[in-house]
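Enquirer: For reference, the file coords-v4.txt (compact mmCIF, C-alpha atoms) is included below:
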```
# COMPACT_ATOMS: atom_id res chain seq x y z
CA MET A 142 174.37 -149.42 -78.17
CA SER A 143 177.98 -148.50 -77.65
CA GLY A 144 179.59 -148.65 -74.27
CA ASP A 145 179.93 -145.55 -72.16
CA LEU A 146 182.88 -145.52 -69.87
CA LEU A 147 182.32 -144.28 -66.36
CA PRO A 148 183.28 -141.75 -65.24
CA ARG A 149 185.33 -140.56 -68.19
CA PRO A 150 183.60 -140.44 -71.57
CA SER A 151 184.41 -143.13 -74.09
CA GLY A 152 186.85 -142.13 -76.79
CA SER A 153 187.18 -145.31 -78.81
CA PRO A 154 187.23 -145.17 -82.57
CA ASP A 155 184.07 -146.12 -84.45
CA LEU A 156 185.36 -149.50 -85.51
CA GLY A 157 186.08 -150.41 -81.92
CA HIS A 158 182.62 -149.32 -80.89
CA ARG A 159 180.91 -151.37 -83.53
CA GLU A 160 182.80 -154.51 -82.62
CA VAL A 161 182.39 -154.05 -78.89
CA ALA A 162 178.67 -153.72 -79.49
CA LEU A 163 178.72 -156.94 -81.51
CA VAL A 164 180.36 -158.82 -78.64
CA ASP A 165 177.69 -157.53 -76.25
CA LEU A 166 175.01 -158.44 -78.77
CA LEU A 167 176.36 -162.00 -79.05
CA ASP A 168 176.29 -162.34 -75.25
CA ARG A 169 172.60 -161.62 -75.42
CA VAL A 170 171.17 -162.79 -78.74
CA LEU A 171 173.14 -166.05 -78.96
CA ALA A 172 173.35 -166.87 -75.25
CA GLY A 173 170.29 -165.15 -73.75
CA GLY A 174 166.63 -165.33 -74.60
CA VAL A 175 164.08 -168.01 -73.87
CA VAL A 176 165.30 -171.48 -74.79
CA ILE A 177 162.63 -173.87 -75.97
CA ALA A 178 163.56 -177.50 -75.98
CA GLY A 179 160.93 -179.77 -77.39
CA GLU A 180 159.88 -181.88 -80.28
CA LEU A 181 158.07 -178.98 -81.92
CA THR A 182 161.25 -176.97 -82.49
CA LEU A 183 164.02 -177.54 -84.95
CA SER A 184 167.19 -178.20 -83.06
CA ILE A 185 169.96 -175.79 -83.92
CA ALA A 186 172.54 -177.13 -81.53
CA ASP A 187 175.50 -175.28 -82.95
CA VAL A 188 174.55 -171.79 -81.82
CA ASP A 189 176.63 -171.86 -78.64
CA LEU A 190 179.67 -173.13 -80.51
CA VAL A 191 179.20 -170.35 -83.03
CA ARG A 192 179.24 -167.74 -80.31
CA ILE A 193 182.53 -169.03 -78.96
CA SER A 194 184.22 -169.27 -82.35
CA LEU A 195 182.91 -165.86 -83.36
CA ARG A 196 184.48 -164.34 -80.28
CA ALA A 197 187.78 -165.89 -81.27
CA MET A 198 187.35 -164.44 -84.73
CA ILE A 199 186.67 -160.96 -83.40
CA ALA A 200 189.78 -161.27 -81.26
CA SER A 201 191.95 -162.22 -84.23
CA VAL A 202 190.52 -159.43 -86.38
CA ARG A 203 191.34 -156.98 -83.63
CA ALA A 204 194.86 -158.33 -83.25
CA ALA A 205 195.44 -157.91 -86.99
CA TRP A 206 194.03 -154.40 -86.82
CA ASN A 207 196.22 -153.41 -83.91
CA GLU A 208 199.34 -154.76 -85.55
CA ALA A 209 198.67 -153.06 -88.85
CA PRO A 210 200.57 -149.80 -89.39
CA PRO A 211 198.30 -146.76 -88.95
CA MET B 63 153.27 -173.32 -97.32
CA THR B 64 155.81 -176.08 -96.93
CA ASP B 65 158.73 -173.98 -98.11
CA VAL B 66 158.90 -171.75 -95.02
CA ASN B 67 159.68 -172.16 -91.33
CA SER B 68 158.60 -169.90 -88.48
CA TRP B 69 161.39 -167.95 -86.82
CA VAL B 70 160.29 -166.77 -83.37
CA TYR B 71 161.58 -163.36 -82.24
CA ALA B 72 159.80 -162.76 -78.98
CA ILE B 73 156.73 -163.38 -76.88
CA MET B 74 154.60 -160.59 -75.43
CA PRO B 75 151.13 -160.08 -73.96
CA ALA B 76 148.31 -159.95 -76.54
CA GLY B 77 147.01 -156.55 -77.59
CA HIS B 78 150.26 -154.88 -78.59
CA PRO B 79 151.02 -153.91 -82.18
CA VAL B 80 153.69 -155.68 -84.22
CA PRO B 81 155.61 -152.93 -86.01
CA ALA B 82 156.30 -153.56 -89.69
CA GLY B 83 159.94 -154.04 -90.49
CA ALA B 84 162.50 -156.30 -92.01
CA GLY B 85 163.20 -159.53 -90.15
CA VAL B 86 166.05 -162.00 -90.53
CA ALA B 87 164.89 -162.97 -94.02
CA ASP B 88 163.78 -159.43 -94.88
CA GLU B 89 160.22 -160.61 -94.18
CA ASP B 90 157.51 -158.71 -92.30
CA PRO B 91 157.18 -160.17 -88.78
CA ARG B 92 153.65 -161.18 -87.78
CA ALA B 93 151.67 -162.00 -84.68
CA VAL B 94 150.63 -165.51 -83.64
CA THR B 95 148.05 -165.19 -80.87
CA ALA B 96 147.05 -167.88 -78.36
CA ALA B 97 146.30 -168.07 -74.63
CA GLY B 98 146.36 -164.27 -74.27
CA LEU B 99 149.92 -164.12 -75.58
CA VAL B 100 151.49 -163.12 -78.88
CA ALA B 101 154.51 -164.77 -80.42
CA VAL B 102 156.11 -162.57 -83.06
CA THR B 103 157.26 -164.80 -85.89
CA GLY B 104 158.74 -164.45 -89.33
CA ARG B 105 158.14 -166.78 -92.26
CA VAL B 106 161.64 -167.62 -93.41
CA PRO B 107 162.60 -169.76 -96.43
CA ARG B 108 163.67 -173.30 -95.58
CA ALA B 109 166.32 -173.04 -98.26
CA ASP B 110 168.24 -170.80 -95.84
CA PHE B 111 166.60 -171.42 -92.46
CA ASP B 112 166.44 -175.14 -91.91
CA GLU B 113 168.77 -177.32 -89.85
CA GLU B 114 171.21 -178.18 -92.61
CA PRO B 115 171.50 -174.84 -94.45
CA LEU B 116 171.53 -172.99 -91.15
CA ARG B 117 174.54 -174.92 -89.89
CA ALA B 118 176.48 -173.75 -92.91
CA ARG B 119 175.20 -170.17 -92.60
CA LEU B 120 176.23 -170.01 -88.95
CA GLU B 121 179.82 -170.39 -90.05
CA ASP B 122 179.63 -167.31 -92.25
CA PRO B 123 180.50 -164.40 -89.93
CA ALA B 124 179.05 -161.74 -92.23
CA TRP B 125 175.75 -163.59 -92.52
CA LEU B 126 175.69 -164.24 -88.80
CA GLU B 127 176.31 -160.62 -87.84
CA ARG B 128 173.66 -159.41 -90.28
CA THR B 129 171.14 -161.93 -88.97
CA VAL B 130 171.93 -161.35 -85.29
CA ARG B 131 171.43 -157.63 -85.86
CA ALA B 132 168.15 -158.22 -87.72
CA HIS B 133 166.82 -160.42 -84.90
CA HIS B 134 167.83 -157.77 -82.39
CA ARG B 135 166.23 -154.97 -84.43
CA VAL B 136 162.85 -156.71 -84.38
CA VAL B 137 163.05 -157.49 -80.64
CA GLU B 138 164.10 -153.93 -79.89
CA SER B 139 161.23 -152.44 -81.92
CA LEU B 140 158.74 -154.60 -79.99
CA GLU B 141 160.29 -153.65 -76.67
CA ARG B 142 159.53 -149.98 -77.24
CA THR B 143 155.81 -150.54 -76.76
CA ALA B 144 155.36 -153.78 -74.82
CA PRO B 145 157.01 -156.05 -72.28
CA VAL B 146 158.81 -158.72 -74.30
CA LEU B 147 160.52 -162.06 -73.76
CA PRO B 148 163.21 -162.29 -76.43
CA MET B 149 163.73 -165.79 -77.80
CA ARG B 150 167.12 -167.42 -78.19
CA PHE B 151 168.57 -166.79 -81.67
CA ALA B 152 167.48 -169.42 -84.22
CA THR B 153 164.34 -170.64 -82.45
CA LEU B 154 162.55 -172.21 -85.39
CA TYR B 155 159.26 -174.03 -85.86
CA ARG B 156 157.82 -175.81 -88.86
CA ASP B 157 154.82 -173.48 -88.88
CA ASP B 158 152.86 -170.92 -86.84
CA ARG B 159 150.40 -173.61 -85.71
CA ARG B 160 153.17 -175.20 -83.68
CA VAL B 161 154.14 -171.81 -82.27
CA ALA B 162 150.54 -171.36 -81.08
CA ALA B 163 150.74 -174.80 -79.46
CA LEU B 164 153.87 -173.67 -77.62
CA LEU B 165 152.07 -170.57 -76.30
CA ARG B 166 149.19 -172.69 -75.01
CA ALA B 167 151.47 -175.29 -73.45
CA ARG B 168 153.67 -172.85 -71.54
CA ALA B 169 151.40 -169.84 -71.05
CA ALA B 170 151.74 -169.79 -67.24
CA GLU B 171 155.55 -169.80 -67.39
CA PHE B 172 155.66 -167.07 -70.06
CA ARG B 173 153.26 -164.88 -68.08
CA GLU B 174 155.40 -165.22 -64.98
CA LEU B 175 158.54 -164.25 -66.91
CA LEU B 176 156.71 -161.30 -68.50
CA ARG B 177 155.68 -160.09 -65.05
CA HIS B 178 159.30 -160.26 -63.93
CA VAL B 179 160.56 -158.03 -66.77
CA ALA B 180 157.51 -155.76 -67.19
CA GLY B 181 158.43 -152.08 -67.09
CA CYS B 182 162.13 -152.95 -66.92
CA GLN B 183 165.12 -152.74 -69.22
CA GLU B 184 168.45 -154.47 -69.16
CA TRP B 185 171.72 -152.56 -68.72
CA GLY B 186 175.10 -154.17 -69.26
CA VAL B 187 177.82 -153.34 -66.75
CA LYS B 188 181.37 -154.31 -67.64
CA GLY B 189 184.49 -153.68 -65.64
CA TYR B 190 188.14 -153.64 -66.66
CA ALA B 191 191.18 -153.64 -64.41
CA THR B 192 192.70 -150.18 -64.70
CA ALA B 193 196.41 -149.90 -65.54
CA PRO B 194 198.75 -149.90 -62.54
CA PRO B 195 199.76 -146.38 -61.49
CA ALA B 196 202.95 -145.09 -63.09
CA GLU B 197 206.06 -146.02 -61.17
CA PRO B 198 206.70 -143.18 -58.74
CA ALA B 199 210.06 -141.53 -59.28
CA GLY B 200 212.42 -142.18 -56.41
CA ALA B 201 210.00 -144.44 -54.56
CA PRO B 202 211.54 -145.31 -51.22
CA GLY B 203 212.48 -148.76 -50.06
CA ARG B 204 212.88 -150.59 -53.35
CA GLN B 205 215.79 -148.74 -54.87
CA PRO B 206 218.89 -150.79 -55.60
CA ALA B 207 221.81 -150.10 -53.31
CA ALA B 208 224.10 -147.35 -54.50
CA GLY B 209 226.81 -148.76 -56.71
CA GLY B 210 224.58 -151.63 -57.89
CA ARG B 211 225.05 -152.52 -61.53
CA PRO B 212 222.63 -150.84 -63.97
CA GLY B 213 221.45 -154.25 -65.15
CA THR B 214 220.51 -155.23 -61.63
CA ALA B 215 218.62 -151.98 -61.14
CA TYR B 216 216.71 -152.65 -64.33
CA LEU B 217 215.78 -156.18 -63.27
CA LEU B 218 214.68 -154.99 -59.84
CA ARG B 219 212.57 -152.30 -61.44
CA ARG B 220 210.95 -154.79 -63.81
CA ARG B 221 210.25 -157.15 -60.94
CA GLU B 222 208.67 -154.32 -58.99
CA GLN B 223 206.51 -153.38 -61.98
CA ARG B 224 205.29 -156.94 -62.35
CA ARG B 225 204.57 -157.16 -58.63
CA SER B 226 202.54 -153.96 -58.59
CA GLY B 227 200.74 -155.01 -61.78
CA ALA B 228 199.73 -158.32 -60.16
CA GLU B 229 198.61 -156.52 -57.00
CA GLN B 230 196.59 -154.13 -59.09
CA GLY B 231 194.96 -157.09 -60.84
CA GLU B 232 194.10 -158.74 -57.53
CA GLN B 233 192.65 -155.49 -56.25
CA ALA B 234 190.57 -155.11 -59.43
CA LEU B 235 189.16 -158.64 -59.01
CA ARG B 236 188.21 -157.93 -55.39
CA ASP B 237 186.63 -154.61 -56.36
CA ALA B 238 184.72 -156.18 -59.26
CA ASP B 239 183.36 -158.71 -56.80
CA GLU B 240 182.33 -155.89 -54.50
CA VAL B 241 180.67 -153.95 -57.36
CA HIS B 242 178.69 -157.09 -58.25
CA ARG B 243 177.62 -157.51 -54.63
CA GLU B 244 176.61 -153.87 -54.31
CA LEU B 245 174.59 -154.06 -57.53
CA LEU B 246 172.70 -157.03 -56.06
CA GLY B 247 171.89 -154.90 -53.02
CA THR B 248 170.91 -151.78 -54.98
CA ARG B 249 167.26 -150.79 -54.62
CA THR B 250 166.89 -149.82 -58.30
CA VAL B 251 168.27 -153.17 -59.50
CA VAL B 252 165.50 -155.76 -59.81
CA ASP B 253 167.80 -158.62 -60.85
CA VAL B 254 171.41 -159.29 -61.85
CA ALA B 255 172.61 -161.91 -64.34
CA GLY B 256 176.19 -162.87 -65.12
CA HIS B 257 177.82 -163.10 -68.54
CA PRO B 258 181.13 -164.80 -69.33
CA LEU B 259 184.13 -162.50 -69.21
CA HIS B 260 185.52 -161.50 -72.61
CA GLY B 261 189.06 -162.29 -73.60
CA SER B 262 191.22 -159.22 -74.10
CA GLY B 263 190.99 -159.58 -77.88
CA ALA B 264 187.21 -159.66 -78.06
CA SER B 265 186.68 -156.87 -75.56
CA GLY B 266 188.80 -154.47 -77.61
CA ARG B 267 190.67 -153.25 -74.55
CA ARG B 268 194.14 -154.03 -73.34
CA GLU B 269 193.12 -154.23 -69.69
CA PRO B 270 191.68 -157.56 -68.54
CA MET B 271 187.93 -157.72 -68.08
CA VAL B 272 187.00 -158.39 -64.47
CA LEU B 273 183.22 -157.88 -64.53
CA ASN B 274 180.47 -158.61 -67.06
CA VAL B 275 176.93 -158.55 -65.72
CA ALA B 276 173.47 -157.47 -66.79
CA CYS B 277 171.14 -155.52 -64.49
CA LEU B 278 167.37 -155.47 -64.78
CA VAL B 279 166.21 -151.94 -63.97
CA ALA B 280 162.78 -150.27 -64.03
CA ARG B 281 162.56 -147.66 -66.79
CA GLU B 282 161.76 -144.88 -64.36
CA SER B 283 164.79 -145.80 -62.22
CA ALA B 284 167.31 -145.52 -65.06
CA ASP B 285 168.67 -142.15 -63.89
CA ALA B 286 169.01 -143.29 -60.29
CA PHE B 287 170.73 -146.48 -61.50
CA HIS B 288 173.25 -144.44 -63.48
CA ARG B 289 173.97 -142.28 -60.45
CA THR B 290 174.60 -145.48 -58.46
CA LEU B 291 177.01 -146.66 -61.16
CA ALA B 292 178.87 -143.36 -61.11
CA ALA B 293 179.20 -143.62 -57.31
CA LEU B 294 180.42 -147.23 -57.60
CA ALA B 295 182.97 -146.20 -60.22
CA ALA B 296 184.24 -143.41 -57.96
CA ARG B 297 184.55 -145.79 -54.98
CA HIS B 298 186.42 -148.48 -56.93
CA PRO B 299 189.11 -146.76 -58.99
CA SER B 300 190.85 -150.08 -59.73
CA VAL B 301 187.93 -151.03 -61.99
CA ALA B 302 186.95 -148.97 -65.04
CA LEU B 303 183.21 -149.46 -65.44
CA GLU B 304 181.51 -149.39 -68.83
CA VAL B 305 177.76 -149.43 -69.30
CA THR B 306 175.80 -150.60 -72.35
CA GLY B 307 172.12 -150.41 -73.03
CA PRO B 308 169.31 -150.17 -72.54
CA TRP B 309 168.69 -153.65 -73.93
CA PRO B 310 165.55 -155.76 -74.15
CA PRO B 311 165.71 -158.22 -71.23
CA TYR B 312 167.69 -160.92 -73.06
CA SER B 313 169.50 -162.00 -69.90
CA PHE B 314 166.39 -162.39 -67.74
CA THR B 315 164.40 -165.01 -69.56
CA ALA B 316 165.22 -168.15 -67.59
CA THR B 317 162.85 -169.05 -64.78
CA ALA B 318 165.74 -169.72 -62.41
CA THR B 319 167.77 -166.53 -63.05
CA ALA B 320 166.45 -164.61 -60.05
CA THR B 321 169.58 -163.52 -58.18
CA THR B 322 171.09 -167.00 -58.20
CA ASP B 323 174.15 -165.77 -60.07
CA GLY B 324 176.62 -164.44 -57.56
CA ALA B 325 174.15 -164.84 -54.74
CA PRO B 326 174.37 -162.33 -51.89
CA ASP B 327 175.17 -165.13 -49.43
CA GLY B 328 178.88 -164.76 -50.06
CA THR B 329 179.16 -167.31 -52.86
CA ALA B 330 179.99 -164.57 -55.34
CA ASP B 331 183.68 -164.68 -54.49
CA ALA B 332 184.70 -166.09 -57.84
CA VAL B 333 182.87 -163.48 -59.88
CA GLY B 334 185.99 -161.90 -61.24
CA GLU B 335 187.96 -165.04 -61.87
CA LYS B 336 185.76 -167.16 -64.04
CA PRO B 337 182.78 -166.62 -66.28
CA ALA B 338 180.37 -165.00 -63.86
CA GLY B 339 177.55 -167.37 -63.11
CA GLU B 340 175.44 -169.48 -65.37
CA GLU B 341 174.67 -168.75 -68.96
CA PRO B 342 171.44 -166.85 -68.51
CA GLY B 343 169.50 -169.00 -70.93
CA GLY B 344 170.62 -172.27 -69.39
CA ALA B 345 171.77 -175.28 -71.34
CA PRO B 346 170.18 -175.72 -74.76
```
Using structure tokens, write down the structure that the file contains.
Expert:
Amino acid sequence: MSGDLLPRPSGSPDLGHREVALVDLLDRVLAGGVVIAGELTLSIADVDLVRISLRAMIASVRAAWNEAPP
Amino acid sequence: MTDVNSWVYAIMPAGHPVPAGAGVADEDPRAVTAAGLVAVTGRVPRADFDEEPLRARLEDPAWLERTVRAHHRVVESLERTAPVLPMRFATLYRDDRRVAALLRARAAEFRELLRHVAGCQEWGVKGYATAPPAEPAGAPGRQPAAGGRPGTAYLLRRREQRRSGAEQGEQALRDADEVHRELLGTRTVVDVAGHPLHGSGASGRREPMVLNVACLVARESADAFHRTLAALAARHPSVALEVTGPWPPYSFTATATATTDGAPDGTADAVGEKPAGEEPGGAP
């Protein structure tokens, strides 16, 4: 599920690919999908907050990675 | 039976197989049938999957990634053989009986959504502002006067670089807007939904993201859709387009999604400047 760059082919390293895919996955699995609100469901209200903080975490991991000597 | 909850992965029409495979708790997902629909659920231990423990788990990035991927794996395996409505992550019921009650209560709505996505897949289209072109050597007009101090020349050059970078960014935003509009008008695109733009850290690219949308496309139109994307990319060189997918239709599961994000009536002008449109699932 990695991203393909148009028109030139993607040349990112594997780590980058994996994390980019995770960000796209979070857009969908944590923010998409049918939302059921009702007394039958358990309310897990923190999911949206998690998505936002996880994005921040991915960003900081990347920053650390980029700053690290090769 | 009181030590498990029901985690709901997806809803699909009755009569399709539920492939065996590990769910979020390594359990085998099963089918709950009612009103001509199937909800695919997993029996997950309350010790891990109840409101309190789950709040703690959600803060563990490794657990979260593993579980998000497991949820996705199940939805994706269902999507290979049937139209599916993926459920929002962490949709939990006390038991399958309540899941069946949900199917009965909202059958008409689920059928309508299933009709909308039937035969279609979701493709992600992201756009990044491309880097400004390299400063042309000896560009006319902006050179410092002969005899100007080297420091002045440097400052002028830096100012010029910043100016052209900002212009490039503006151009990329306008082009991203145009790409979004053209996608809405593309015959092979059934629906378009917006996602929030990623910060430069999360996207993994230095260039700012200017477009992040999902397109609902019929399976048999996938090749034509990709040709359209290639043509769009060629026409808008200020935006580097990246495509992901195919995905199950995660972004097309809200009854009100139909082309309301970045509507073709000219209200899509802010597409590149703020998170594009509504969260597809709506407010929780």
Enquirer: Within 7 Å of Gln233 in chain B, counting only C-alpha atoms, which residues show up once you throw out same-chain ones fewer than 4 positions away? Write them as a VMD selection string, please.
Expert: chain B and resid 229 237 300
Enquirer: Mind checking which residues fall within 8 Å of Val137 in chain B, counting only C-alpha atoms, ignoring those fewer than 6 positions away in the same chain, and posting them as a list of chain:residue names?
Expert: B:Tyr71, B:Ala72, B:Val146, B:Pro148, B:Pro310
Enquirer: One number please: CA of Ile73 in chain B to CA of Val86 in chain B, in Å, one decimal.
Expert: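 Computed distance, CA of Ile73 in chain B to CA of Val86 in chain B, equals 16.6 Å.
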Enquirer: Compute the set of chain B residues within 6 Å of chain A, using only C-alpha atoms, and express it as a list in words.
Expert: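 Residues passing the distance filter: Pro148, Met149, Arg150, Phe151, Leu154, Tyr155, Gly263, Ala264, Leu303, Glu304, Val305, Thr306, Gly307, Tyr312, Ser313, Thr315, Pro342 and Gly343 of chain B.
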Enquirer: CA of Thr64 in chain B and CA of Gly77 in chain B are how many Å apart?
Expert: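 So the two atoms, CA of Thr64 in chain B and CA of Gly77 in chain B, lie 28.9 Å apart.
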Enquirer: Might you pull out every residue within 8 Å of range 182-196 of chain B, with only C-alpha atoms counted and same-chain residues fewer than 4 positions away left off, and present them as number ranges by chain?
Expert: B: 226-227, 230-231, 234-235, 238, 269-281, 299-313
Enquirer: Take CA of Phe287 in chain B and CA of Phe314 in chain B and report the distance between them in Å, one decimal.
Expert: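 Computing the Euclidean distance for CA of Phe287 in chain B and CA of Phe314 in chain B yields 17.6 Å.
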Enquirer: So that I can see what lies close to Ala132 in chain B, please list as an NGL selection string the residues with an atom at most 7 Å from it, counting all atoms listed in the file and leaving out residues fewer than 3 positions away in the same chain.
Expert: :B and (85-86 or 128-129 or 135-136)
Enquirer: Complete range 164-173 of chain A at the level of all heavy atoms, written as a compact mmCIF listing (two decimals), in the frame of the given file.
Expert:
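Final file, result-v9.txt:
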```
# COMPACT_ATOMS: atom_id res chain seq x y z
N VAL A 164 180.07 -157.86 -79.72
CA VAL A 164 180.36 -158.82 -78.64
C VAL A 164 179.24 -158.82 -77.61
O VAL A 164 178.77 -159.86 -77.17
CB VAL A 164 181.72 -158.50 -77.98
CG1 VAL A 164 181.89 -159.28 -76.70
CG2 VAL A 164 182.85 -158.81 -78.94
N ASP A 165 178.78 -157.62 -77.23
CA ASP A 165 177.69 -157.53 -76.25
C ASP A 165 176.40 -158.12 -76.81
O ASP A 165 175.63 -158.75 -76.09
CB ASP A 165 177.46 -156.07 -75.85
CG ASP A 165 178.66 -155.49 -75.12
OD1 ASP A 165 179.32 -156.25 -74.39
OD2 ASP A 165 178.94 -154.29 -75.29
N LEU A 166 176.20 -157.91 -78.10
CA LEU A 166 175.01 -158.44 -78.77
C LEU A 166 175.05 -159.97 -78.77
O LEU A 166 174.05 -160.64 -78.53
CB LEU A 166 174.97 -157.89 -80.20
CG LEU A 166 173.64 -157.89 -80.94
CD1 LEU A 166 172.55 -157.23 -80.13
CD2 LEU A 166 173.82 -157.20 -82.28
N LEU A 167 176.23 -160.54 -79.03
CA LEU A 167 176.36 -162.00 -79.05
C LEU A 167 176.09 -162.58 -77.67
O LEU A 167 175.46 -163.63 -77.55
CB LEU A 167 177.76 -162.40 -79.51
CG LEU A 167 178.13 -162.00 -80.94
CD1 LEU A 167 179.55 -162.45 -81.26
CD2 LEU A 167 177.16 -162.60 -81.95
N ASP A 168 176.58 -161.90 -76.61
CA ASP A 168 176.29 -162.34 -75.25
C ASP A 168 174.80 -162.52 -75.04
O ASP A 168 174.35 -163.39 -74.32
CB ASP A 168 176.77 -161.30 -74.23
CG ASP A 168 178.23 -161.49 -73.84
OD1 ASP A 168 178.80 -162.56 -74.16
OD2 ASP A 168 178.79 -160.57 -73.22
N ARG A 169 174.03 -161.64 -75.69
CA ARG A 169 172.60 -161.62 -75.42
C ARG A 169 171.80 -162.43 -76.43
O ARG A 169 170.99 -163.28 -76.06
CB ARG A 169 172.13 -160.17 -75.40
CG ARG A 169 172.66 -159.47 -74.17
CD ARG A 169 172.50 -157.98 -74.17
NE ARG A 169 172.83 -157.46 -72.84
CZ ARG A 169 174.08 -157.25 -72.42
NH1 ARG A 169 175.09 -157.47 -73.23
NH2 ARG A 169 174.31 -156.82 -71.19
N VAL A 170 172.02 -162.16 -77.73
CA VAL A 170 171.17 -162.79 -78.74
C VAL A 170 171.49 -164.28 -78.90
O VAL A 170 170.60 -165.10 -79.09
CB VAL A 170 171.32 -162.06 -80.10
CG1 VAL A 170 170.52 -162.76 -81.18
CG2 VAL A 170 170.85 -160.62 -79.95
N LEU A 171 172.78 -164.64 -78.79
CA LEU A 171 173.14 -166.05 -78.96
C LEU A 171 173.13 -166.83 -77.64
O LEU A 171 173.03 -168.04 -77.65
CB LEU A 171 174.53 -166.19 -79.60
CG LEU A 171 174.72 -165.63 -81.01
CD1 LEU A 171 176.03 -166.12 -81.59
CD2 LEU A 171 173.58 -165.99 -81.93
N ALA A 172 173.28 -166.14 -76.52
CA ALA A 172 173.35 -166.87 -75.25
C ALA A 172 172.17 -166.57 -74.33
O ALA A 172 171.92 -167.31 -73.40
CB ALA A 172 174.65 -166.53 -74.51
N GLY A 173 171.44 -165.47 -74.58
CA GLY A 173 170.29 -165.15 -73.75
C GLY A 173 169.00 -165.56 -74.46
O GLY A 173 169.02 -166.32 -75.42
```
